[in-house]
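One structure is given here, and the rest of the page talks about it.
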Amino acid sequence: MTCVSGNDLGLDAALVDGIAAAQRDWPALAVPADAFAAYVTARIPDGVLPAEAVGQMHTSDLYLACACARGDAKAFAAFDEHCLGQIDRLLAGMGVDADASAEVKQELRSRVLVGDGRAPEILDFTGRGDLRSWVRVMAIRQALRRLERARRDVSVEDDELMQRIVAPGNPELDYAKRIYRREFKEAFEAALRELPNRERTVLRQHYIDGLSIDEIGRLYRVHRSTAGRMLVRARSLVIETTRARMMQDLDIPPQDLDSIMRLIRSQIDISLRVLQRGRR
């Protein structure tokens, strides 16, 4: 590592000290002192004295950012360890699973270090905060966008599942659904969310993905009769839970609610038989 001198480079003493400290913090990285000085200077706000600005900058983080911007493979590895090593635990606390967390990190690498058709976002880092916090904020925003997209997708899929399980065509049922549309929709979606993972998945595989009983049996390595019972159990669970929630939320006599639910249940039976005949 070559030490720098303010007299040699004509730099402000504070910047010289910052460069020396950054070189000590990242000894494996090789950024020419004059190139780093230019990189830092370009990020000093207009009207601010260099000594004052540099004194408030995270110059070591800027040094890593500069090395990344120059395409240094060692800098990329250092960025991964220094900035992305914290992300898994952070996102796990937000309810993001390991696979989604890995995708968020890959998206960050692409955006920050490569640019993916645009200038790498590492160039936007000014050093006025620390690099890890800057990346952490980006990761949180990226994860929140993914969670919101997933929430919208699940909502849309739940609507489709409800429409396919509770098929239209019965005038009395359609009337009941219009009268209690919001209550039924909310109760049904809540019931879906409460289903055990396997039962919820089986419903989606049959009604949304179009898998037959035989295909579900092969998928779970069970006899088709067992697969059929799995589907019936899942359907019964969602309907019974929907009924319980509607009973809780609606101020109507139980016998009236039972009439509505019998209509719903009979329509589900018809829908299921039609779907099964069409897919065998």
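Note on naming: chains are A, B, ... as they come in the structure tokens, residues start from 1 per chain, ligands start from 1 in the order shown.
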Find the residues near Ala37 (chain A): any atom within 8 Å, counting only C-alpha atoms, skip ones fewer than 4 places away on the same chain, and give them as an MDAnalysis selection string. chainID A and resid 11 15 19 33 41
For the contact check between region 89-114 of chain A and region 132-137 of chain A, emit one row per residue of region 89-114 of chain A within 12 Å, containing the shortest atom pair and the distance in Å rounded to one decimal, counting only C-alpha atoms, chain then rising number order, as a tab-separated table.
```
residue	atom	partner	partner_atom	distance
A:Arg89	CA	A:Arg136	CA	11.1
A:Leu90	CA	A:Arg136	CA	8.3
A:Leu91	CA	A:Arg136	CA	9.7
A:Val104	CA	A:Arg136	CA	11.2
A:Lys105	CA	A:Val135	CA	10.0
A:Glu107	CA	A:Val135	CA	11.7
A:Leu108	CA	A:Val135	CA	8.2
A:Arg109	CA	A:Val135	CA	10.2
A:Arg111	CA	A:Val135	CA	11.0
A:Val112	CA	A:Val135	CA	8.8
A:Leu113	CA	A:Val135	CA	11.6
```
Any idea what's packed within 7 Å of region 59-64 of chain A, counting only C-alpha atoms, ignoring anything in its chain fewer than 2 positions away? Could you give it as a JSON list (two decimals) with N, CA and C atoms, in the first residue's frame?
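Listed below is the output, around_23.json:
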```json
[["chain", "number", "residue", "atom", "x", "y", "z"],
["A", 18, "GLY", "N", -8.24, 10.96, 5.72],
["A", 18, "GLY", "CA", -9.34, 10.06, 5.40],
["A", 18, "GLY", "C", -8.91, 8.94, 4.48],
["A", 21, "ALA", "N", -6.79, 6.45, 6.45],
["A", 21, "ALA", "CA", -7.62, 5.61, 7.33],
["A", 21, "ALA", "C", -8.37, 4.56, 6.51],
["A", 22, "ALA", "N", -8.88, 4.96, 5.34],
["A", 22, "ALA", "CA", -9.62, 4.02, 4.49],
["A", 22, "ALA", "C", -8.70, 2.91, 3.99],
["A", 25, "ASP", "N", -8.32, 0.46, 6.71],
["A", 25, "ASP", "CA", -9.53, -0.34, 6.95],
["A", 25, "ASP", "C", -9.74, -1.39, 5.86],
["A", 36, "PHE", "N", -9.42, 8.15, -5.66],
["A", 36, "PHE", "CA", -10.32, 8.21, -4.52],
["A", 36, "PHE", "C", -10.56, 9.65, -4.09],
["A", 57, "MET", "N", -17.86, 12.88, 6.61],
["A", 57, "MET", "CA", -18.10, 11.74, 5.73],
["A", 57, "MET", "C", -17.57, 10.45, 6.33],
["A", 66, "CYS", "N", -16.13, 3.28, -3.72],
["A", 66, "CYS", "CA", -15.32, 3.65, -4.88],
["A", 66, "CYS", "C", -14.72, 2.41, -5.54],
["A", 67, "ALA", "N", -14.21, 1.51, -4.73],
["A", 67, "ALA", "CA", -13.63, 0.27, -5.28],
["A", 67, "ALA", "C", -14.70, -0.55, -5.99],
["A", 68, "CYS", "N", -15.91, -0.60, -5.42],
["A", 68, "CYS", "CA", -17.02, -1.31, -6.08],
["A", 68, "CYS", "C", -17.36, -0.64, -7.41],
["A", 75, "ALA", "N", -13.65, -5.97, -3.93],
["A", 75, "ALA", "CA", -14.57, -5.01, -3.31],
["A", 75, "ALA", "C", -15.98, -5.57, -3.29],
["A", 127, "GLY", "N", -21.69, 8.99, 1.34],
["A", 127, "GLY", "CA", -20.83, 8.92, 2.52],
["A", 127, "GLY", "C", -21.31, 9.75, 3.68],
["A", 130, "ASP", "N", -23.53, 5.87, 7.05],
["A", 130, "ASP", "CA", -22.67, 4.71, 6.84],
["A", 130, "ASP", "C", -23.27, 3.79, 5.79],
["A", 131, "LEU", "N", -22.43, 3.04, 5.12],
["A", 131, "LEU", "CA", -22.84, 2.23, 3.97],
["A", 131, "LEU", "C", -23.79, 1.10, 4.39]]
```
Tell me, counting only C-alpha atoms, for each residue of region 225-251 of chain A within 10 Å of region 194-203 of chain A, which pair of atoms is nearest and how far apart they are in Å to one decimal, in rows ordered by chain and increasing number, as a Markdown table.
```
| residue | atom | partner | partner_atom | distance |
| --- | --- | --- | --- | --- |
| A:Ala227 | CA | A:Val202 | CA | 8.9 |
| A:Met230 | CA | A:Glu199 | CA | 7.0 |
| A:Leu231 | CA | A:Val202 | CA | 6.3 |
| A:Val232 | CA | A:Leu203 | CA | 9.3 |
| A:Arg233 | CA | A:Glu199 | CA | 7.6 |
| A:Ala234 | CA | A:Glu199 | CA | 4.8 |
| A:Arg235 | CA | A:Leu203 | CA | 7.2 |
| A:Leu237 | CA | A:Leu195 | CA | 7.2 |
| A:Val238 | CA | A:Leu195 | CA | 6.9 |
| A:Thr241 | CA | A:Glu194 | CA | 8.4 |
```
Same residues, C-alpha atoms, output as a PDB file, in the first residue's frame:
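Result file again20.pdb:
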```
ATOM      1  CA  ALA A 227     -56.162 -37.458  -2.109  1.00  0.00           C
ATOM      2  CA  MET A 230     -57.666 -34.502   1.609  1.00  0.00           C
ATOM      3  CA  LEU A 231     -59.572 -32.266  -0.771  1.00  0.00           C
ATOM      4  CA  VAL A 232     -62.925 -32.890   0.942  1.00  0.00           C
ATOM      5  CA  ARG A 233     -61.359 -32.158   4.326  1.00  0.00           C
ATOM      6  CA  ALA A 234     -59.833 -28.908   3.046  1.00  0.00           C
ATOM      7  CA  ARG A 235     -63.153 -27.818   1.532  1.00  0.00           C
ATOM      8  CA  LEU A 237     -62.607 -26.851   6.891  1.00  0.00           C
ATOM      9  CA  VAL A 238     -62.846 -23.651   4.890  1.00  0.00           C
ATOM     10  CA  THR A 241     -64.608 -21.777   9.419  1.00  0.00           C
TER      11      THR A 241
END
```
Record the distance separating CA of Ala191 (chain A) and CA of Arg245 (chain A), expressed in Å with one decimal.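 So the answer is 8.0 Å.
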Pick from A:Arg70, A:His58, A:Arg146, A:Arg128, whichever lies nearest to Ser101 (chain A) using only C-alpha atoms: A:Arg146
List as an mmCIF file with N, CA and C atoms, in the first residue's frame the protein and nucleic acid residues near Asp88 (chain A), meaning an atom at most 9 Å away when only C-alpha atoms are counted, but skip any in the same chain fewer than 5 places from it.
```
data_model
loop_
_atom_site.group_PDB
_atom_site.id
_atom_site.type_symbol
_atom_site.label_atom_id
_atom_site.label_comp_id
_atom_site.auth_asym_id
_atom_site.auth_seq_id
_atom_site.Cartn_x
_atom_site.Cartn_y
_atom_site.Cartn_z
ATOM 1 N N GLY A 93 -36.777 -11.005 10.584
ATOM 2 C CA GLY A 93 -37.597 -10.303 11.564
ATOM 3 C C GLY A 93 -38.820 -9.655 10.959
ATOM 4 N N VAL A 96 -39.841 -12.419 6.274
ATOM 5 C CA VAL A 96 -39.401 -12.816 4.935
ATOM 6 C C VAL A 96 -38.633 -14.124 5.054
ATOM 7 N N ASP A 97 -39.012 -15.125 4.262
ATOM 8 C CA ASP A 97 -38.347 -16.426 4.369
ATOM 9 C C ASP A 97 -36.973 -16.401 3.707
ATOM 10 N N ALA A 98 -36.241 -17.491 3.875
ATOM 11 C CA ALA A 98 -34.846 -17.538 3.420
ATOM 12 C C ALA A 98 -34.737 -17.385 1.905
ATOM 13 N N SER A 101 -35.399 -13.816 0.991
ATOM 14 C CA SER A 101 -34.271 -12.996 1.454
ATOM 15 C C SER A 101 -33.101 -13.100 0.475
ATOM 16 N N ALA A 102 -32.826 -14.317 -0.001
ATOM 17 C CA ALA A 102 -31.748 -14.501 -0.982
ATOM 18 C C ALA A 102 -32.047 -13.731 -2.266
ATOM 19 N N LYS A 105 -31.375 -10.032 -1.698
ATOM 20 C CA LYS A 105 -29.937 -9.740 -1.731
ATOM 21 C C LYS A 105 -29.404 -9.746 -3.160
#
```
For each of A:Ile208, A:Leu192, A:Phe125, A:Val16, take the minimum atom-to-atom distance to Asp34 (chain A), counting only C-alpha atoms, then give the residue where this is smallest. A:Val16
Between CA of Arg43 (chain A) and CA of Gln56 (chain A), what is the distance in Å, rounded to a tenth?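 Between CA of Arg43 (chain A) and CA of Gln56 (chain A) the gap is 11.9 Å.
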Check the smallest atom-to-atom distance from each of A:Leu211, A:Val40, A:Leu123, A:Ala73 to Gly55 (chain A) using only C-alpha atoms, then report the winner. A:Val40
Distance query Ser110 (chain A) at most 10 Å, only C-alpha atoms, self and fewer than 6 positions along chain excluded, as a list in words: Val104, Asp116, Gly117, Pro120 and Glu121 of chain A
Written file, previous selection with N, CA and C atoms, as an mmCIF file, in the first residue's frame:
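Below you can see out_14.cif, which holds the result:
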```
data_model
loop_
_atom_site.group_PDB
_atom_site.id
_atom_site.type_symbol
_atom_site.label_atom_id
_atom_site.label_comp_id
_atom_site.auth_asym_id
_atom_site.auth_seq_id
_atom_site.Cartn_x
_atom_site.Cartn_y
_atom_site.Cartn_z
ATOM 1 N N VAL A 104 -33.888 -10.981 -2.480
ATOM 2 C CA VAL A 104 -33.710 -9.554 -2.176
ATOM 3 C C VAL A 104 -32.232 -9.192 -2.261
ATOM 4 N N ASP A 116 -27.648 -3.189 -13.964
ATOM 5 C CA ASP A 116 -28.660 -3.842 -14.789
ATOM 6 C C ASP A 116 -29.210 -2.901 -15.856
ATOM 7 N N GLY A 117 -28.306 -2.375 -16.681
ATOM 8 C CA GLY A 117 -28.701 -1.471 -17.762
ATOM 9 C C GLY A 117 -28.668 -0.005 -17.378
ATOM 10 N N PRO A 120 -24.753 1.842 -11.791
ATOM 11 C CA PRO A 120 -24.839 1.177 -10.487
ATOM 12 C C PRO A 120 -25.218 2.169 -9.390
ATOM 13 N N GLU A 121 -26.110 1.777 -8.519
ATOM 14 C CA GLU A 121 -26.590 2.693 -7.495
ATOM 15 C C GLU A 121 -25.553 2.985 -6.421
#
```
May I ask which of the residues A:Ile87, A:Met246, A:Ala65, A:Ala100 is the closest one to Val31 (chain A), counting only C-alpha atoms?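 For Val31 (chain A), the nearest of the candidates is A:Ala65.
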